[in-house]
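Visitor: So that we are looking at the same thing, I have put the structure below in structure tokens.
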Amino acid sequence: MTALENFARNIGGWIATAIIAASLSCPAAALPIERVVSGSGIEAWLVRDPSVAFVTLNFSFRGGTSQDPADKTGVANMVARLLTEGAGDFVAQTFHERLQAKAVELYFSADRDRIGGSLRTLIENRSEAVELLRLALAAPRFDGADLERVRAETRAILRHESVDPDAIASARWWETAFDGHPYGRPLRGTFASVSLITKDDLIAYVRNVLARDTLKIGIAGNIDPAGASELIDRAFDALPAKAQLSRLTTASPQTLGQHIAIDVNVDQSVVLFGGKGIARNDPDFMAALIVNQILGADSPSSRLFKEVRVKRGLAYSVRSTLMPLEQSACLLILTATRREHVGQTTEIVEAEIRQLEADGPTERELTEAKSILNGSFMFRLDTSLEIADQLVQTQFEERGIDYIDGYSARLSGVSMADVKRVAKRLLGGPLLVTVVGRSKDMVPTNPR
Amino acid sequence: MTNRASLFLVLVVILAAYAGRLQAAPSPEVSNFALGNGLEVVVIPDRRSSIATHMIWYKAGSADEPAGKSGLAHLLEHLLFRSSDDSPAGGFSSVVTMLGGDENAFTSNDYTAYFQRIGRDHLETVMTLEARRMSSLALTDNDVRVERDIIMEEYNMRVATSPTARLAEQINAQLYRDHPYGTPVIGWPREISTLDREDVLAFYRRFYVPNNAVLVIVGDVTPEEIRTLAEKTYGKVKPSTQLELRIRQRGPQTSEPGKLVLADSRAQPSLRRSYPVPSYAVAPAGVAEALDVLAHILGGGSASRLYRALVAEAPLAAWASGAYESAALGTSRFDLQASIEPGVTFAEIDSVFDRVVADIVREGVTAEELERVKARLIANVAYAQDSQELRARSYGVALTTGATIADIRSWPRRIQAVTSEAVRDAARIWLNNGSSVTGYLTNEVSIISEKQE
């Protein structure tokens with residue numbers, strides 16, 4: 001053994017002891033957030049960074065795809081795509097040329113609960129950048145040719161999703177678990193609904209959803225509060241004061257306990273397990289994050305990663321995700337394996353869930369999970385795009401401005417007893433499983 | 001709005017995720033030096049954060065594999081995460097995790113890199129462990145067997161189930177006949193399944209040595225403290241005395257346009273035309289810069305010529321793009337790609353590609369688009385300040401594909417100097433159909449009906 005190896009071994013031993021004896025040795029997240037309120041009363045959270053040459057502004061409105069008309073799913077997605085396709089006097093081509101000439105990045109997107117966007121600009125171009133954002137929000141053109149172009153693009157994506165195993169598994173899971181609820185509708189619509197969408201639908205969506213009362217804004221980069229205030233007034237002042245949203249009912253995933261097999265001729269089967277999650281504002285949410293981390297979140301130390309991938313080589317990717325929504329909460333587990341291993345992989349995943357539910361984690365797993373969650377929370381505050389995104393997310397969840405700084409403390413406050421209790425709560429229920437592939441091992445209990 | 005998608009542990013960088021690899025922020029504070037054993041070190045100060053990014057780059061990728069052993073560089077990358085050693089803390093990954101850090105790795109044609117993000121106070125620990133991983137590797141046959149299975153599942157996920165990935169694989173194989181870039185980074189499945197422990201260890205011993213590596217550190221650190229730490233850790237690893245110069249043979253020299261068709265009932269019809277072009281490492285002065293600008297004028301986003309011709313002004317495609325793989329030790333690649341709308345023929349798209357390129361060859365590009373594209377490219381240097389990881393990657397890629405720190409510093413100036421004539425010449429000389437390969441992806445048997453629901 002070389003001197004270096006000896007040294008490394010000693011270091012390793014020291015670290016193991018130190019960490020298991022103490023708790024978290026890593027620094028806590030600390031973001032100096034300033035609350036900015038503009039002249040016309042629009043609020044934003046700001047994190048200044050005078051060392052960079054740009055500023056990032058993220059924002060979102062409540063609504064998202066759940067505000068699509070029931071017979072015209074896909075409107076929110078098309079709005080998000082079309083807001084940058086011409087606005088004010090600038091037709092689409094001119095709009096894109098102006099963005100590029102000033103190196104302005106402007107994107108919109110919609111998920112189930114929100115529609116929003118992100119603007120990144122060099123400081124010296126911020127005036128032109130915010131003008132383009134203002135126009136995109138207040139005066140989108142929705143010209144006929146652009147609408148048709150985005151409609152064709154959407155159809156192309158739908159054609160891809162109609163044969164993509166991941167997309168098939170996911171679509172079937174959501175439409176089954178949330179049958180009859182807006183969360184069960186396809187995010188980008190269907191071939192039929194996309195054909196029906198008119199310019200009036202897009203205008204109505206913009207009028208109803210893009211309003212100041214649900215707007216949340218996060219800014220990160222080289223700008224002071226006065227400059228930030230000016231930016232947000234110019235960008236958002238022209239929007240209506242109040243959104244007109246259709247009300248969403250609370251929903252819980254349904255038909256749990258079923259296995260649905262979908263026959264598609266592919267070399268690798270996709271398996272998606274899903275059940276009830278725990279809501280963001282639930283007092284048990286932090287403990288649920290820890291349980292999910294130990295079970296199968298994105299880490300080599302998770303039980304699913306070790307059992308499915310490292311020990312047996314059954315899959316390249318296996319991970320679980322907590323998905324809290326405004327009106328629901330889910331736990332999803334996704335993996336892909338060759339078809340002859342579907343049965344074995346499914347059994348292992350279900351056995352690991354049962355075991356964690358029954359016995360809870362070890363002390364070491366708990367310490368490690370807290371350390372990973374603390375670290376990954378900090379790494380999500382690594383760039384201006386991520387900081388601005390986190391500022392928006394935190395406001396959307398109606399947290400206080402000290403929420404981010406308090407994350408580490410809340411995490412370490414979760415006890416083993418909490419985690420064991422929440423493991424039973426989160427993992428005790430039945431799961432709805434969708435399997436896509438040539439699966440002969442998976443016998444559907446309730447075939448459609 | 002959504003969390004960044006991340007694939008854990010292994011990212012096979014087959015294509016550049018971002019064009020223009022020299023787009024690091026060329027801060028005058030960046031310092032570089034070499035240790036006595038030949039390890040190159042780059043220190044990039046970032047006072048914004050208590051987190052540091054630590055990356056070790058090996059000048060060894062899939063193009064350095066022996067014939068018949070494709071996938072070896074990538075398999076080795078996977079195996080470096082297998083902790084069959086008896087570290088009391090349970091292996092490198094576990095130590096990084098317990099210290100609140102994260103890690104990842106990626107393999108490409110010309111390099112393999114490993115990185116950690118961790119509190120700057122823990123740099124010595126990761127440097128110690130990474131230096132140890134450079135000096136010895138404990139592997140069992142079972143480690144190799146299980147990891148090969150995992151890689152086969154990775155292959156299934158990334159390639160076998162993706163018609164576009166298989167098309168790209170075939171185009172590369174034809175474009176780079178008898179050249180290592182024609183071999184996929186992940187390997188050919190039949191060869192992957194034959195790789196054994198001895199193959200892995202031989203590759204490891206040959207390339208994982210300090211005089212074949214570059215250390216890049218970004219964080220609130222000084223060059224002096226990094227030099228001290230590096231001497232204490234990596235400095236103890238013995239250099240190799242048998243390192244050979246990495247040679248990439250000349251690029252493809254065909255005179256017939258290559259064509260191939262891939263039919264898959266699950267495919268969304270599309271085509272890709274690839275031209276062999278010089279990378280920054282092998283191009284005559286000014287040529288790579290002109291190709292960078294040309295790629296953006298042709299296919300960089302919705303204001304580009306291809307998008308206009310194929311999507312905005314005629315409903316022939318749903319998307320169209322152009323890209324230049326600028327960073328490579330040997331001859332690189334320039335791609336034009338487009339989807340195909342129902343009812344449109346491959347020939348129609350091909351002729352638009354021809355026409356758009358011919359327009360530039362005949363008339364050059366306008367002053368307006370030249371300025372616009374340059375502004376966008378040069379702004380990337382400022383935007384790269386935003387991410388430790390991107391900054392470290394820019395330097396690592398550049399230094400393992402033949403560029404120097406001086407090249408990184410002068411890149412914005414060189415882009416600024418590109419003229420319309422240079423762009424026209426680049427199109428005329430390099431986008432020459434005689435040496436191109438075009439791949440057509442078709443779904444002959446249409447299984448999709450738009451009325452199916």
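The chains in the structure tokens are called A, B, ... from first to last as shown; in each chain the residues are counted from 1, and the ligands are counted from 1 in the order shown.
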With only C-alpha atoms as the counted atoms, please give the residues lying no more than 7 Å from segment 346-358 of chain B, apart from itself and same-chain residues fewer than 2 positions off, as an NGL selection string.
Guide: :B and (306 or 344 or 360-362 or 427)
Visitor: Mind writing the picked residues with C-alpha atoms as a short mmCIF file (atom, residue, chain, number, x, y, z; two decimals), in the first residue's frame?
Guide:
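Generated file (again.cif):
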```
data_model
loop_
_atom_site.label_atom_id
_atom_site.label_comp_id
_atom_site.auth_asym_id
_atom_site.auth_seq_id
_atom_site.Cartn_x
_atom_site.Cartn_y
_atom_site.Cartn_z
CA LEU B 306 -33.00 26.65 -42.26
CA VAL B 344 -43.39 15.81 -47.72
CA ILE B 360 -24.67 31.51 -48.85
CA VAL B 361 -22.00 30.23 -51.24
CA ARG B 362 -23.29 32.60 -53.91
CA ALA B 427 -19.81 27.03 -46.72
#
```
Visitor: Give me, as a VMD selection string, the contact residues of chain B against chain A at a cut-off of 7 Å, counting only C-alpha atoms.
Guide: chain B and resid 1 8 87 to 89 97 to 101 119 128 to 129 132 146 to 147 149 to 151 153 to 154 156 160 to 161 236 266 268 302 to 303 312 318 372 to 373 375 to 376 379 382 385 to 387 450
Visitor: Considering only C-alpha atoms, return as number ranges by chain whatever protein or nucleic-acid residues lie within 12 Å of Glu230 of chain A, sequence-local ones (same chain, fewer than 6 positions apart) excluded.
Guide: A: 36-44, 126-127, 130-131, 223-224, 236-237
Visitor: How about saving the chosen residues, C-alpha atoms kept, as a short mmCIF file (atom, residue, chain, number, x, y, z; two decimals), in the first residue's frame?
Guide:
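Generated file (again-v4.cif):
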```cif
data_model
loop_
_atom_site.label_atom_id
_atom_site.label_comp_id
_atom_site.auth_asym_id
_atom_site.auth_seq_id
_atom_site.Cartn_x
_atom_site.Cartn_y
_atom_site.Cartn_z
CA VAL A 36 -38.85 44.57 -4.04
CA VAL A 37 -42.21 46.30 -4.46
CA SER A 38 -42.53 48.39 -7.59
CA GLY A 39 -44.23 51.78 -7.95
CA SER A 40 -47.41 50.11 -9.16
CA GLY A 41 -47.35 47.58 -6.34
CA ILE A 42 -45.90 44.50 -8.08
CA GLU A 43 -43.73 42.37 -5.80
CA ALA A 44 -40.58 40.45 -6.66
CA ARG A 126 -32.03 44.97 -20.29
CA SER A 127 -34.17 47.79 -21.63
CA VAL A 130 -37.88 43.88 -20.96
CA GLU A 131 -39.66 45.59 -23.84
CA ILE A 223 -29.33 44.58 -10.72
CA ASP A 224 -30.23 46.72 -7.70
CA PHE A 236 -46.07 43.42 -15.97
CA ASP A 237 -47.85 46.74 -15.34
#
```
Visitor: Just want the 6 Å neighbourhood of Thr65 of chain A, counted on only C-alpha atoms, with same-chain residues fewer than 2 positions away dropped. Output as a PyMOL selection string.
Guide: chain A and resi 67-68+76+111-112
Visitor: Could you pull the residues within 8 Å of segment 182-187 of chain A, counting only C-alpha atoms, minus those fewer than 3 positions along the same chain, as a list of chain:residue names?
Guide: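 Result of the neighbour search: A:Thr65, A:Ser66, A:Gln67, A:Ala70, A:Thr73, A:Gly74, A:Asn77, A:Asp111, A:Arg112, A:Ala171, A:Trp174, A:Glu175, A:Thr176, A:Ala177, A:Phe178, A:Asp179, A:Thr190, A:Leu248.
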Visitor: For each of A:Lys306, A:His259, A:Arg62, A:Arg188, take the minimum atom-to-atom distance to Val206 of chain A, counting only C-alpha atoms, then give the residue where this is smallest.
Guide: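 Between A:Lys306, A:His259, A:Arg62, A:Arg188, the residue approaching Val206 of chain A most closely is A:Arg62.
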Visitor: Going by DSSP on the backbone, which bits of segment 267-395 of chain B are strand (DSSP E or B)? Write them as a PyMOL selection string, please.
Guide: chain B and resi 270-277+320-325+332-339
Visitor: Next, dump the selected residues to file, keeping only C-alpha atoms, as an mmCIF file, in the first residue's frame.
Guide:
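Okay, part12.cif is ready:
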```
data_model
loop_
_atom_site.group_PDB
_atom_site.id
_atom_site.type_symbol
_atom_site.label_atom_id
_atom_site.label_comp_id
_atom_site.auth_asym_id
_atom_site.auth_seq_id
_atom_site.Cartn_x
_atom_site.Cartn_y
_atom_site.Cartn_z
ATOM 1 C CA SER B 270 -36.524 13.070 -40.321
ATOM 2 C CA LEU B 271 -33.214 13.419 -42.055
ATOM 3 C CA ARG B 272 -29.735 14.434 -41.134
ATOM 4 C CA ARG B 273 -26.911 15.406 -43.443
ATOM 5 C CA SER B 274 -23.431 15.342 -41.943
ATOM 6 C CA TYR B 275 -20.278 16.829 -43.444
ATOM 7 C CA PRO B 276 -16.747 16.142 -42.198
ATOM 8 C CA VAL B 277 -15.221 19.512 -41.264
ATOM 9 C CA ALA B 320 -34.847 22.289 -38.443
ATOM 10 C CA SER B 321 -31.386 22.931 -37.108
ATOM 11 C CA GLY B 322 -27.693 23.132 -37.901
ATOM 12 C CA ALA B 323 -24.822 22.414 -35.586
ATOM 13 C CA TYR B 324 -21.029 22.362 -35.658
ATOM 14 C CA GLU B 325 -19.167 19.950 -33.383
ATOM 15 C CA SER B 332 -15.120 16.989 -36.716
ATOM 16 C CA ARG B 333 -18.659 17.170 -38.084
ATOM 17 C CA PHE B 334 -21.213 19.702 -39.282
ATOM 18 C CA ASP B 335 -24.868 18.584 -39.240
ATOM 19 C CA LEU B 336 -28.024 19.836 -40.924
ATOM 20 C CA GLN B 337 -31.194 18.242 -39.584
ATOM 21 C CA ALA B 338 -34.925 18.524 -40.066
ATOM 22 C CA SER B 339 -38.092 16.638 -39.348
#
```
Visitor: Determine, counting only C-alpha atoms, which protein, DNA and RNA residues have an atom within 9 Å of an atom of Ala60 of chain B; residues of the same chain fewer than 5 positions away are not included. Present the result as JSON, numbers by chain.
Guide: {"B": [65, 73, 107, 108, 109, 110, 111, 112, 203, 207, 208, 212, 213, 246, 400]}
Visitor: Select from segment 10-133 of chain A everything DSSP, run on the backbone, classes as alpha helix (DSSP H), then give the selection as JSON, numbers by chain.
Guide: {"A": [10, 11, 12, 13, 14, 15, 16, 17, 18, 19, 20, 21, 75, 76, 77, 78, 79, 80, 81, 82, 92, 93, 94, 95, 96, 97, 98, 99, 100, 101, 126, 127, 128, 129, 130, 131, 132, 133]}
Visitor: Go ahead and write the residues just picked, C-alpha atoms, as a PDB file, in the first residue's frame.
Guide:
```
ATOM      1  CA  ASN A  10      -7.320   7.279   7.173  1.00  0.00           C
ATOM      2  CA  ILE A  11      -9.268  10.161   5.758  1.00  0.00           C
ATOM      3  CA  GLY A  12     -12.100   7.820   4.847  1.00  0.00           C
ATOM      4  CA  GLY A  13     -12.222   6.391   8.353  1.00  0.00           C
ATOM      5  CA  TRP A  14     -12.113   9.813   9.911  1.00  0.00           C
ATOM      6  CA  ILE A  15     -14.930  11.049   7.734  1.00  0.00           C
ATOM      7  CA  ALA A  16     -17.145   8.088   8.492  1.00  0.00           C
ATOM      8  CA  THR A  17     -16.694   8.543  12.214  1.00  0.00           C
ATOM      9  CA  ALA A  18     -17.053  12.293  12.185  1.00  0.00           C
ATOM     10  CA  ILE A  19     -20.221  12.252  10.150  1.00  0.00           C
ATOM     11  CA  ILE A  20     -21.978   9.492  11.935  1.00  0.00           C
ATOM     12  CA  ALA A  21     -21.097  11.040  15.291  1.00  0.00           C
ATOM     13  CA  VAL A  75     -54.337  25.625 -25.182  1.00  0.00           C
ATOM     14  CA  ALA A  76     -51.894  26.515 -22.381  1.00  0.00           C
ATOM     15  CA  ASN A  77     -49.086  24.711 -24.148  1.00  0.00           C
ATOM     16  CA  MET A  78     -49.801  26.511 -27.436  1.00  0.00           C
ATOM     17  CA  VAL A  79     -50.016  29.868 -25.650  1.00  0.00           C
ATOM     18  CA  ALA A  80     -46.617  29.241 -24.067  1.00  0.00           C
ATOM     19  CA  ARG A  81     -45.126  28.382 -27.469  1.00  0.00           C
ATOM     20  CA  LEU A  82     -46.765  31.328 -29.259  1.00  0.00           C
ATOM     21  CA  ALA A  92     -42.402  36.318 -35.456  1.00  0.00           C
ATOM     22  CA  GLN A  93     -39.261  36.524 -37.588  1.00  0.00           C
ATOM     23  CA  THR A  94     -38.503  40.074 -36.445  1.00  0.00           C
ATOM     24  CA  PHE A  95     -39.189  39.167 -32.829  1.00  0.00           C
ATOM     25  CA  HIS A  96     -36.678  36.296 -32.984  1.00  0.00           C
ATOM     26  CA  GLU A  97     -34.088  38.447 -34.747  1.00  0.00           C
ATOM     27  CA  ARG A  98     -34.382  41.093 -32.030  1.00  0.00           C
ATOM     28  CA  LEU A  99     -33.977  38.503 -29.283  1.00  0.00           C
ATOM     29  CA  GLN A 100     -30.885  37.124 -30.982  1.00  0.00           C
ATOM     30  CA  ALA A 101     -29.303  40.492 -31.811  1.00  0.00           C
ATOM     31  CA  ARG A 126     -32.029  44.969 -20.286  1.00  0.00           C
ATOM     32  CA  SER A 127     -34.172  47.791 -21.630  1.00  0.00           C
ATOM     33  CA  GLU A 128     -34.688  46.089 -25.015  1.00  0.00           C
ATOM     34  CA  ALA A 129     -35.125  42.739 -23.278  1.00  0.00           C
ATOM     35  CA  VAL A 130     -37.879  43.879 -20.957  1.00  0.00           C
ATOM     36  CA  GLU A 131     -39.657  45.590 -23.836  1.00  0.00           C
ATOM     37  CA  LEU A 132     -39.793  42.284 -25.703  1.00  0.00           C
ATOM     38  CA  LEU A 133     -41.126  40.573 -22.577  1.00  0.00           C
TER      39      LEU A 133
END
```
Visitor: How many Å lie between atom CA of Leu432 of chain A and atom CA of Thr346 of chain A, rounded to one decimal?
Guide: 12.2 Å
Visitor: What is the atom CA of Val381 of chain B-atom CA of Leu294 of chain B distance in Å, reported with one decimal?
Guide: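 Distance reported for this atom pair: 18.3 Å.
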Visitor: When you look at Asp64 of chain B with a cut-off of 12 Å (counting only C-alpha atoms), what residues show up, excluding the ones that are within fewer than 2 positions of it in the same chain? I need them as a VMD selection string.
Guide: chain B and resid 58 to 62 66 to 74 107 to 112 179 to 181 183 185 203 to 204 206 to 207 244 to 249 329 to 330
Visitor: How far is it from atom CA of Ile168 of chain A to atom CA of Val342 of chain A, in Å with one decimal?
Guide: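 Interatomic distance here is 16.7 Å.
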